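Okay, structure_2.cif now, which holds mmCIF, C-alpha atoms and all ligand atoms:
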```cif
data_query
loop_
_atom_site.label_atom_id
_atom_site.label_comp_id
_atom_site.auth_asym_id
_atom_site.auth_seq_id
_atom_site.Cartn_x
_atom_site.Cartn_y
_atom_site.Cartn_z
CA MET A 134 77.81 78.36 116.86
CA LYS A 135 80.87 80.38 116.08
CA PHE A 136 83.40 78.20 117.83
CA SER A 137 81.48 74.98 118.06
CA LEU A 138 82.98 73.08 115.15
CA GLY A 139 86.49 74.47 115.19
CA LEU A 140 87.85 71.12 116.31
CA LEU A 141 86.92 69.61 112.99
CA PHE A 142 89.86 71.46 111.60
CA ALA A 143 92.03 70.95 114.64
CA ALA A 144 93.07 74.52 114.04
CA VAL A 145 93.67 75.61 117.59
CA ALA A 146 92.09 74.93 120.94
CA VAL A 147 88.39 75.63 120.75
CA ALA A 148 87.53 78.77 122.66
CA SER A 149 84.95 78.26 125.35
CA SER A 150 83.53 81.74 124.97
CA PRO A 151 83.86 84.55 122.45
CA ALA A 152 85.35 86.70 125.21
CA LYS A 153 88.53 84.66 125.11
CA ARG A 154 91.60 86.16 123.55
CA ALA A 155 91.40 86.61 119.82
CA ASP A 156 94.30 84.19 119.27
CA ALA A 157 91.82 81.38 119.84
CA VAL A 158 90.01 82.34 116.60
CA SER A 159 89.40 79.28 114.48
CA VAL A 160 87.37 78.17 111.51
CA THR A 161 83.62 78.08 112.10
CA GLY A 162 81.69 75.08 110.79
CA SER A 163 82.61 72.89 107.86
CA PRO A 164 81.98 73.29 104.15
CA PRO A 165 78.70 72.12 102.70
CA GLY A 166 79.03 70.34 99.39
CA PHE A 167 81.93 69.93 97.04
CA ALA A 168 84.74 71.40 99.21
CA TYR A 169 84.13 68.85 101.93
CA GLY A 170 87.36 67.86 103.69
CA VAL A 171 89.30 71.07 103.07
CA THR A 172 91.68 71.84 105.93
CA GLY A 173 93.43 75.04 104.80
CA GLY A 174 96.31 75.95 107.08
CA GLY A 175 95.28 73.19 109.48
CA ASP A 176 96.90 73.45 112.88
CA ALA A 177 99.54 76.01 111.94
CA THR A 178 99.94 78.66 114.65
CA PRO A 179 97.64 81.59 113.83
CA VAL A 180 99.49 84.68 112.61
CA TYR A 181 98.21 88.26 112.81
CA PRO A 182 99.70 90.14 109.86
CA THR A 183 100.92 93.59 110.82
CA ASP A 184 100.55 95.39 107.49
CA VAL A 185 99.74 94.78 103.83
CA LYS A 186 103.30 93.63 103.05
CA HIS A 187 103.18 91.05 105.82
CA LEU A 188 99.76 89.84 104.69
CA ILE A 189 100.99 89.42 101.11
CA GLU A 190 104.02 87.44 102.39
CA LEU A 191 101.87 85.11 104.47
CA LEU A 192 99.36 84.42 101.69
CA GLY A 193 102.18 83.76 99.22
CA SER A 194 104.16 81.56 101.60
CA ASP A 195 104.94 77.95 100.69
CA ASP A 196 104.03 76.83 104.21
CA PRO A 197 100.59 76.18 105.70
CA GLN A 198 99.35 79.36 107.35
CA VAL A 199 96.39 80.36 109.49
CA ILE A 200 96.07 84.10 108.93
CA ILE A 201 93.84 86.19 111.14
CA ILE A 202 92.44 89.41 109.71
CA ASP A 203 91.45 91.62 112.62
CA LYS A 204 91.50 95.05 110.96
CA THR A 205 91.28 96.81 107.61
CA PHE A 206 94.21 96.23 105.31
CA ASP A 207 94.17 99.25 103.01
CA PHE A 208 95.94 98.52 99.74
CA ILE A 209 94.94 101.71 97.96
CA GLY A 210 98.08 103.53 96.89
CA THR A 211 100.42 100.70 97.95
CA GLU A 212 101.31 99.93 94.34
CA GLY A 213 100.93 103.44 92.99
CA THR A 214 98.66 104.39 90.13
CA THR A 215 98.48 103.44 86.49
CA LYS A 216 97.87 105.94 83.71
CA GLY A 217 96.01 104.88 80.63
CA ASN A 218 92.91 105.40 78.56
CA ILE A 219 89.37 104.60 79.50
CA CYS A 220 86.47 104.05 77.13
CA LYS A 221 83.26 105.95 77.83
CA ALA A 222 81.05 103.18 76.49
CA TYR A 223 78.13 103.44 78.87
CA GLY A 224 77.89 107.07 79.91
CA SER A 225 79.44 109.48 82.37
CA PHE A 226 80.58 108.90 85.93
CA GLU A 227 78.17 111.69 86.94
CA ASP A 228 75.31 109.56 85.62
CA GLY A 229 76.47 106.54 87.60
CA CYS A 230 78.02 104.72 84.66
CA GLN A 231 81.24 102.72 84.64
CA SER A 232 83.95 103.36 82.10
CA THR A 233 86.17 100.59 80.73
CA ILE A 234 89.94 100.49 81.01
CA ASP A 235 91.30 100.18 77.48
CA ILE A 236 93.33 97.00 77.86
CA GLY A 237 94.82 97.39 74.40
CA LYS A 238 91.76 96.68 72.33
CA GLY A 239 90.72 100.26 71.69
CA CYS A 240 87.31 101.69 72.40
CA ASP A 241 85.34 100.41 69.42
CA GLY A 242 84.39 103.89 68.25
CA LYS A 243 83.33 105.06 71.71
CA PRO A 244 84.93 108.20 73.18
CA SER A 245 88.10 107.64 75.18
CA GLU A 246 90.00 109.79 77.62
CA PRO A 247 93.15 109.58 79.73
CA TYR A 248 92.64 108.44 83.30
CA GLU A 249 94.60 107.24 86.31
CA TRP A 250 93.54 104.38 88.55
CA ASP A 251 94.80 102.51 91.57
CA THR A 252 97.15 99.72 90.55
CA ALA A 253 96.66 97.47 93.58
CA GLY A 254 92.97 96.95 92.82
CA THR A 255 93.54 95.49 89.38
CA THR A 256 95.21 92.23 90.55
CA GLY A 257 94.34 90.12 93.57
CA ILE A 258 96.83 88.98 96.21
CA THR A 259 98.38 85.63 95.30
CA VAL A 260 97.19 82.89 97.65
CA GLN A 261 99.26 79.71 97.75
CA SER A 262 98.11 76.27 98.92
CA ASP A 263 97.22 75.28 102.49
CA LYS A 264 95.99 78.61 103.81
CA THR A 265 93.23 79.58 106.19
CA ILE A 266 92.19 83.23 106.24
CA ILE A 267 89.77 84.19 109.00
CA GLY A 268 88.31 87.58 109.80
CA VAL A 269 87.57 88.57 113.40
CA GLY A 270 84.03 89.82 113.95
CA ASN A 271 83.24 92.35 111.27
CA LYS A 272 86.74 93.83 111.39
CA GLY A 273 88.46 91.80 108.68
CA VAL A 274 88.52 93.94 105.55
CA LEU A 275 90.66 93.88 102.43
CA LEU A 276 90.27 97.36 101.02
CA GLY A 277 91.36 97.92 97.44
CA LYS A 278 92.66 94.44 96.60
CA GLY A 279 91.08 91.02 96.15
CA LEU A 280 92.39 87.44 96.30
CA ARG A 281 93.89 85.50 93.43
CA ILE A 282 93.97 81.71 93.86
CA VAL A 283 95.68 80.17 90.87
CA ARG A 284 97.07 76.62 90.69
CA ALA A 285 96.67 76.20 94.43
CA SER A 286 94.61 73.93 96.64
CA ASN A 287 93.25 73.44 100.14
CA ILE A 288 92.25 76.99 101.04
CA ILE A 289 89.65 78.39 103.45
CA VAL A 290 88.59 82.03 103.31
CA GLN A 291 86.12 82.93 106.04
CA ASN A 292 84.42 86.02 107.41
CA ILE A 293 86.14 88.85 105.54
CA MET A 294 84.98 91.71 103.34
CA ILE A 295 86.64 92.60 100.05
CA THR A 296 85.73 96.09 98.90
CA ASN A 297 86.54 99.04 96.71
CA LEU A 298 88.38 97.75 93.65
CA ASN A 299 88.28 100.77 91.35
CA PRO A 300 84.49 100.45 91.25
CA GLN A 301 84.12 103.10 88.56
CA LEU A 302 86.11 101.02 86.06
CA VAL A 303 85.43 97.79 84.20
CA TRP A 304 88.71 95.80 84.59
CA GLY A 305 89.32 97.81 87.75
CA GLY A 306 89.47 94.67 89.87
CA ASP A 307 87.90 91.28 90.63
CA ALA A 308 87.21 90.30 94.23
CA ILE A 309 88.11 86.59 94.06
CA THR A 310 89.81 84.80 91.17
CA LEU A 311 90.12 81.01 90.96
CA SER A 312 91.88 79.08 88.21
CA GLY A 313 93.40 75.62 88.36
CA THR A 314 92.37 75.14 91.98
CA SER A 315 90.94 72.35 94.08
CA LYS A 316 89.40 72.25 97.53
CA VAL A 317 88.64 75.91 98.10
CA TRP A 318 86.01 76.96 100.63
CA ILE A 319 84.86 80.56 100.66
CA ASP A 320 82.47 81.22 103.53
CA HIS A 321 80.83 84.30 105.01
CA VAL A 322 82.63 86.64 102.63
CA THR A 323 81.19 89.99 101.58
CA THR A 324 82.24 91.34 98.20
CA GLN A 325 81.23 94.80 97.06
CA TYR A 326 82.25 97.84 94.98
CA THR A 327 84.16 95.71 92.51
CA GLY A 328 85.41 97.09 89.22
CA ARG A 329 84.59 93.86 87.59
CA VAL A 330 83.59 90.44 88.85
CA HIS A 331 82.78 89.29 92.37
CA TYR A 332 83.93 85.73 91.58
CA VAL A 333 85.76 84.76 88.40
CA PHE A 334 86.68 81.20 87.52
CA GLY A 335 89.50 81.08 84.96
CA HIS A 336 90.12 78.61 82.21
CA GLU A 337 91.82 75.86 84.20
CA ALA A 338 89.52 73.49 86.07
CA ASN A 339 88.49 74.28 89.63
CA ALA A 340 87.52 71.11 91.46
CA HIS A 341 85.72 70.81 94.78
CA VAL A 342 84.87 74.48 95.38
CA THR A 343 82.23 75.70 97.83
CA ILE A 344 81.02 79.28 98.19
CA SER A 345 78.71 79.52 101.18
CA ASN A 346 77.01 82.11 103.38
CA SER A 347 78.48 84.89 101.29
CA PHE A 348 77.03 88.25 100.36
CA MET A 349 77.53 89.51 96.83
CA ASN A 350 76.51 93.10 97.24
CA GLY A 351 75.97 94.53 93.77
CA ALA A 352 74.83 97.93 94.99
CA THR A 353 77.37 100.41 93.66
CA ASN A 354 77.70 103.99 92.48
CA PHE A 355 79.02 103.01 89.05
CA SER A 356 77.82 100.27 86.72
CA THR A 357 77.49 99.45 83.07
CA SER A 358 73.73 99.56 83.56
CA CYS A 359 74.09 103.05 85.14
CA ASP A 360 71.43 102.14 87.69
CA GLY A 361 73.44 101.55 90.86
CA GLN A 362 73.68 97.79 90.27
CA ASN A 363 76.79 95.84 89.31
CA TYR A 364 76.59 93.84 86.09
CA TRP A 365 79.62 91.63 86.77
CA GLY A 366 78.44 89.05 89.28
CA LEU A 367 79.72 85.50 88.90
CA GLU A 368 81.86 84.53 85.93
CA LEU A 369 81.70 80.73 85.93
CA VAL A 370 83.04 80.12 82.49
CA GLY A 371 86.14 78.06 83.15
CA ALA A 372 86.52 74.38 82.29
CA ASP A 373 85.02 71.54 84.30
CA ASP A 374 84.49 73.60 87.44
CA GLN A 375 82.59 72.05 90.36
CA ILE A 376 80.95 74.70 92.51
CA THR A 377 78.57 74.35 95.43
CA PHE A 378 76.82 77.70 96.01
CA ALA A 379 75.02 77.44 99.33
CA ASN A 380 73.20 80.02 101.46
CA ASN A 381 74.52 82.99 99.50
CA TYR A 382 72.79 86.32 98.95
CA VAL A 383 73.09 87.83 95.48
CA TYR A 384 71.78 91.35 95.81
CA ARG A 385 71.29 94.21 93.36
CA THR A 386 73.24 92.86 90.43
CA SER A 387 72.23 93.61 86.85
CA GLY A 388 73.79 90.71 84.94
CA ARG A 389 75.99 87.61 84.96
CA SER A 390 74.64 86.12 88.16
CA PRO A 391 75.94 83.70 87.06
CA ALA A 392 77.46 83.48 83.60
CA LEU A 393 77.57 79.69 83.39
CA SER A 394 79.47 77.73 80.74
CA GLY A 395 82.71 75.77 80.26
CA LYS A 396 81.11 72.51 81.52
CA THR A 397 80.81 74.13 84.94
CA LEU A 398 78.74 72.05 87.35
CA PHE A 399 76.96 74.59 89.56
CA HIS A 400 74.90 73.40 92.52
CA ALA A 401 72.97 76.35 93.91
CA VAL A 402 71.23 75.50 97.13
CA ASN A 403 69.35 77.72 99.57
CA SER A 404 70.71 80.88 97.95
CA VAL A 405 68.71 84.07 97.46
CA TRP A 406 68.69 86.30 94.40
CA GLU A 407 67.07 89.66 94.98
CA ASP A 408 66.50 92.94 93.09
CA ASN A 409 68.34 92.12 89.88
CA SER A 410 67.65 94.78 87.25
CA GLY A 411 69.01 92.73 84.31
CA HIS A 412 69.56 89.00 83.95
CA ALA A 413 70.58 86.32 86.42
CA ILE A 414 71.69 83.22 84.47
CA GLU A 415 73.38 83.47 81.08
CA GLY A 416 75.70 81.19 79.18
CA THR A 417 76.43 78.67 76.49
CA ASP A 418 75.32 75.11 75.92
CA ASP A 419 77.80 73.35 78.18
CA GLY A 420 76.84 75.13 81.43
CA GLN A 421 75.09 72.94 83.99
CA GLY A 422 73.14 74.34 86.90
CA LEU A 423 70.99 72.69 89.55
CA PHE A 424 69.07 75.25 91.60
CA GLU A 425 67.09 74.00 94.59
CA GLY A 426 65.73 75.50 97.78
CA CYS A 427 66.63 78.89 96.30
CA VAL A 428 64.71 82.15 96.22
CA PHE A 429 64.33 84.46 93.24
CA ASN A 430 62.66 87.70 94.17
CA ASN A 431 62.35 90.74 91.91
CA VAL A 432 64.72 89.50 89.21
CA THR A 433 64.02 91.04 85.80
CA GLN A 434 65.16 87.92 83.92
CA ILE A 435 66.12 84.70 85.69
CA VAL A 436 66.94 82.45 82.78
CA GLY A 437 66.05 84.28 79.56
CA ASP A 438 67.79 82.76 76.57
CA PHE A 439 70.27 80.57 78.46
CA VAL A 440 70.99 77.55 76.28
CA GLY A 441 72.75 75.18 78.70
CA GLN A 442 71.26 72.58 81.01
CA LEU A 443 69.36 73.74 84.06
CA PHE A 444 67.17 72.13 86.66
CA SER A 445 65.08 74.58 88.62
CA SER A 446 63.30 72.16 90.96
CA PRO A 447 60.04 72.95 89.21
CA SER A 448 57.73 70.52 91.01
CA ALA A 449 57.62 67.81 93.64
CA THR A 450 57.33 65.20 90.89
CA ALA A 451 60.34 66.52 88.99
CA ASN A 452 62.28 66.84 92.26
CA LYS A 453 62.15 63.06 92.68
CA GLU A 454 64.54 62.86 89.71
CA CYS A 455 67.29 64.03 92.06
CA ALA A 456 67.08 61.05 94.40
CA GLY A 457 69.18 58.73 92.26
CA TYR A 458 72.03 61.24 92.18
CA LEU A 459 71.79 63.31 95.39
CA LYS A 460 70.35 60.51 97.55
CA ARG A 461 67.38 62.79 98.28
CA ASP A 462 64.70 64.67 96.41
CA CYS A 463 65.47 68.20 95.32
CA VAL A 464 63.79 71.09 97.10
CA THR A 465 61.48 73.50 95.30
CA ASN A 466 62.55 77.11 94.71
CA ILE A 467 60.50 80.16 95.65
CA GLN A 468 59.88 82.58 92.79
CA THR A 469 58.21 85.93 93.41
CA ASN A 470 57.85 89.12 91.35
CA ASN A 471 60.23 88.09 88.58
CA GLY A 472 60.12 88.88 84.88
CA ASP A 473 60.12 85.21 83.90
CA GLN A 474 59.40 81.78 85.32
CA PHE A 475 62.30 79.40 85.93
CA THR A 476 60.88 76.01 84.94
CA ASN A 477 63.85 74.13 83.45
CA ALA A 478 64.00 70.42 84.20
CA ASP A 479 67.12 69.03 82.50
CA THR A 480 68.52 66.01 84.30
CA LYS A 481 71.12 64.67 81.85
CA PHE A 482 73.96 66.34 83.72
CA PHE A 483 73.01 64.83 87.10
CA SER A 484 75.46 61.96 86.54
CA ASN A 485 78.25 64.52 87.05
CA PHE A 486 77.37 64.64 90.75
CA ALA A 487 78.77 61.11 91.12
CA GLY A 488 81.49 60.91 93.74
CA LEU A 489 80.99 64.47 94.96
CA ASN A 490 79.87 65.49 98.43
CA ILE A 491 76.39 66.97 98.09
CA ALA A 492 75.16 69.85 100.25
CA THR A 493 71.95 69.29 102.17
CA ALA A 494 68.99 71.52 101.33
CA SER A 495 66.45 73.19 103.60
CA ALA A 496 63.13 74.60 102.51
CA ALA A 497 63.49 77.73 100.38
CA SER A 498 61.35 79.57 102.95
CA ALA A 499 64.07 79.01 105.57
CA ALA A 500 66.67 80.50 103.20
CA GLN A 501 64.36 83.42 102.52
CA ALA A 502 64.09 84.12 106.24
CA SER A 503 67.74 83.80 107.18
CA VAL A 504 70.12 84.26 104.24
CA PRO A 505 69.73 88.02 103.58
CA THR A 506 70.69 88.85 107.16
CA ASN A 507 73.24 86.09 107.84
CA ALA A 508 75.22 86.13 104.59
CA GLY A 509 78.52 87.99 104.48
CA ASN A 510 81.17 88.68 107.11
CA THR A 511 78.71 88.41 109.98
CA LEU A 512 80.41 85.81 112.16
C1 LIG B 1 78.08 106.54 96.68
O1 LIG B 1 77.63 107.88 96.49
C2 LIG B 1 77.07 108.49 97.65
C3 LIG B 1 76.52 109.85 97.25
O2 LIG B 1 77.50 110.59 96.59
C4 LIG B 1 78.14 108.58 98.73
O3 LIG B 1 77.60 109.12 99.90
C5 LIG B 1 78.67 107.18 99.01
O4 LIG B 1 79.73 107.24 99.94
C6 LIG B 1 79.15 106.52 97.74
N1 LIG B 1 79.53 105.15 98.00
C7 LIG B 1 80.74 104.68 97.76
C8 LIG B 1 80.97 103.27 98.11
O5 LIG B 1 81.61 105.33 97.25
C1 LIG B 2 63.12 95.61 92.54
O1 LIG B 2 64.45 95.78 92.20
C2 LIG B 2 64.76 97.06 91.68
C3 LIG B 2 66.20 97.03 91.26
O2 LIG B 2 66.45 96.00 90.34
C4 LIG B 2 64.53 98.10 92.73
O3 LIG B 2 64.79 99.38 92.22
C5 LIG B 2 63.09 98.04 93.18
O4 LIG B 2 62.90 98.91 94.26
C6 LIG B 2 62.78 96.61 93.64
N1 LIG B 2 61.37 96.51 93.93
C7 LIG B 2 60.93 96.21 95.16
C8 LIG B 2 59.44 96.12 95.29
O5 LIG B 2 61.68 96.02 96.10
#
```
Just give me the structure of the file as structure tokens.
Amino acid sequence: MKFSLGLLFAAVAVASSPAKRADAVSVTGSPPGFAYGVTGGGDATPVYPTDVKHLIELLGSDDPQVIIIDKTFDFIGTEGTTKGNICKAYGSFEDGCQSTIDIGKGCDGKPSEPYEWDTAGTTGITVQSDKTIIGVGNKGVLLGKGLRIVRASNIIVQNIMITNLNPQLVWGGDAITLSGTSKVWIDHVTTQYTGRVHYVFGHEANAHVTISNSFMNGATNFSTSCDGQNYWGLELVGADDQITFANNYVYRTSGRSPALSGKTLFHAVNSVWEDNSGHAIEGTDDGQGLFEGCVFNNVTQIVGDFVGQLFSSPSATANKECAGYLKRDCVTNIQTNNGDQFTNADTKFFSNFAGLNIATASAASAAQASVPTNAGNTL
């Protein structure tokens, strides 16, 4: 499986066995859905960055690059610390609550105190166009700094973990930022211990994006809900974003999973939401989400007062509505032990799937069986 489809990307010679030298590492599989056709660094010679400085240079290079991450790159301390004020809006660190960095807006009457945090965590590494980033086994870790993909295209990020971005502080760091991008495929990525969002889509359109097989681990020691679960999941509030969200595991969040607005077209397929102590979907009236073959288990509020357009594959009859747009029926979701029923059946936005590559969908039971163990940097 791991090396079988590497030739699709013509990255490097396909390894015949995993025991071969690591320099034969190549992209595994191909993107389901909207990011179809992405090539990243293509057949550029794979480079093993030696240290954080080298990694930053490669990701920011103007040339196509295939960058192999075979160890932990520890960014903590590499940019020093920042002193400022934090707002104690939710409670104390001792009680498992996050504080909020005062980004110049004051603390709205809440107590504030001076604090010092790691600077590297607050801004992701700039990623320029035509890059492939591949982690080796479970060794590829970005510790203390995320990725920032802004006005760039044709990027593959596969099989890495991003962790520990000032997790005690709101605004402490986002794992992956996208704004003004096209053709970005994020696959088998684990994000955890973020200060703020796991994935944030900025205000410029992001076209042809796929997030697949990824593990959003919301379990944390500090959160705004003070219950060990991260509130800041997926911020999909840009403009005209197109996002396929396939085979992902969204675990132990407490909100914004996703926040969906800005005319974002969100196709969630075979993804699993589990143990959410707050809300899953929130957003304004221009958000558009099709959820099929997904699993919602033990989510306090799946849809609540969301006012946009959603289709939750509510029944076999309703699922036939998909055929004209996806060239197949939609696949019913599994819903167990949740605080509400997800029954939305809006179809007006389906015309926005025209011209896009559509991910296939398996039965939700298959996702339930495989996604929680396979998602993340498990290749
Ligand atoms: C969370 O807190 C526990 C108990 O203090 C500690 O063992 C663990 O390492 C902490 N996790 C992180 C990611 O800091
Ligand atoms: C449901 O999720 C909550 C966290 O949101 C967790 O504390 C609880 O143990 C979960 N229940 C089950 C039965 O797993």
Using only C-alpha atoms and all ligand atoms, which residues of the polymer chains come no farther than 10 Å from ligand LIG 2 (chain B)? I'd like the answer as a PyMOL selection string.
chain A and resi 352+360-362+384-387+407-412+430-433+470-471
Counting all atoms listed in the file, the residue among A:Thr255, A:Ser347, A:Gly229, A:Leu393 that lies closest to ligand LIG 1 (chain B) is A:Gly229
Can you tell me, as an NGL selection string, what residues are no more than 6 Å from range 276-281 of chain A when counting all atoms listed in the file, ignoring any on the same chain fewer than 2 positions away?
:A and (206-209 or 253-254 or 257-260 or 274 or 296-298 or 308-310)
At what distance in Å, to one decimal, does CA of Gly268 in chain A lie from CA of Tyr181 in chain A?
10.4 Å
Using only the atoms of range 159-164 of chain A listed in the file, plus 8 Å on each side, state the axis-aligned box centre and edge lengths in Å rounded to one decimal, as lines of an AutoDock Vina configuration file.
```
center_x = 85.5
center_y = 76.1
center_z = 109.3
size_x = 23.7
size_y = 22.4
size_z = 26.3
```
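Distance check against Tyr382 in chain A using all atoms listed in the file: of A:Asn477, A:Ser503, A:Thr178, A:Ser245, the minimum falls on A:Ser503.
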Kindly provide, as an mmCIF file with C-alpha atoms, in the coordinates of the input, all nucleotide and amino acid residues lying within 8 Å of ligand LIG 1 (chain B), counting only C-alpha atoms and all ligand atoms.
```
data_model
loop_
_atom_site.group_PDB
_atom_site.id
_atom_site.type_symbol
_atom_site.label_atom_id
_atom_site.label_comp_id
_atom_site.auth_asym_id
_atom_site.auth_seq_id
_atom_site.Cartn_x
_atom_site.Cartn_y
_atom_site.Cartn_z
ATOM 1 C CA ASN A 297 86.540 99.040 96.710
ATOM 2 C CA TYR A 326 82.250 97.840 94.980
ATOM 3 C CA THR A 353 77.370 100.410 93.660
ATOM 4 C CA ASN A 354 77.700 103.990 92.480
#
```
Please compute the CA of Leu188 in chain A-CA of Gln261 in chain A distance, one decimal, in Å.
12.3 Å
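We find CA of Thr256 in chain A and CA of Gly335 in chain A to be spaced 13.7 Å apart.
Between Ser312 in chain A and the residues A:Ala456, A:Met349, A:Ala372, A:Ile266, the shortest atom-to-atom distance, using only C-alpha atoms, involves A:Ala372.
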Counting only C-alpha atoms, which of A:Val402, A:Val333, A:Ala478, A:Ile202 gets nearest to Val428 in chain A?
A:Val402
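Shortest atom-to-atom contact with His400 in chain A among A:Glu425, A:Asp184, A:Asp462, A:Asp479: A:Glu425, counting only C-alpha atoms.
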Once you count only C-alpha atoms, what closest atom pair and distance in Å to one decimal does each residue of range 156-245 of chain A within 10 Å of range 489-494 of chain A have, with rows by chain and rising residue number, as CSV?
```
residue,atom,partner,partner_atom,distance
A:Pro164,CA,A:Ala492,CA,8.6
A:Pro165,CA,A:Ala492,CA,4.9
A:Gly166,CA,A:Ala492,CA,4.0
A:Phe167,CA,A:Asn490,CA,5.1
A:Ala168,CA,A:Asn490,CA,7.7
A:Tyr169,CA,A:Asn490,CA,6.5
A:Gly170,CA,A:Asn490,CA,9.5
```
Produce a file of the selected residues containing C-alpha atoms, as a short mmCIF file (atom, residue, chain, number, x, y, z; two decimals), keeping the file's coordinate frame.
```
data_model
loop_
_atom_site.label_atom_id
_atom_site.label_comp_id
_atom_site.auth_asym_id
_atom_site.auth_seq_id
_atom_site.Cartn_x
_atom_site.Cartn_y
_atom_site.Cartn_z
CA PRO A 164 81.98 73.29 104.15
CA PRO A 165 78.70 72.12 102.70
CA GLY A 166 79.03 70.34 99.39
CA PHE A 167 81.93 69.93 97.04
CA ALA A 168 84.74 71.40 99.21
CA TYR A 169 84.13 68.85 101.93
CA GLY A 170 87.36 67.86 103.69
#
```
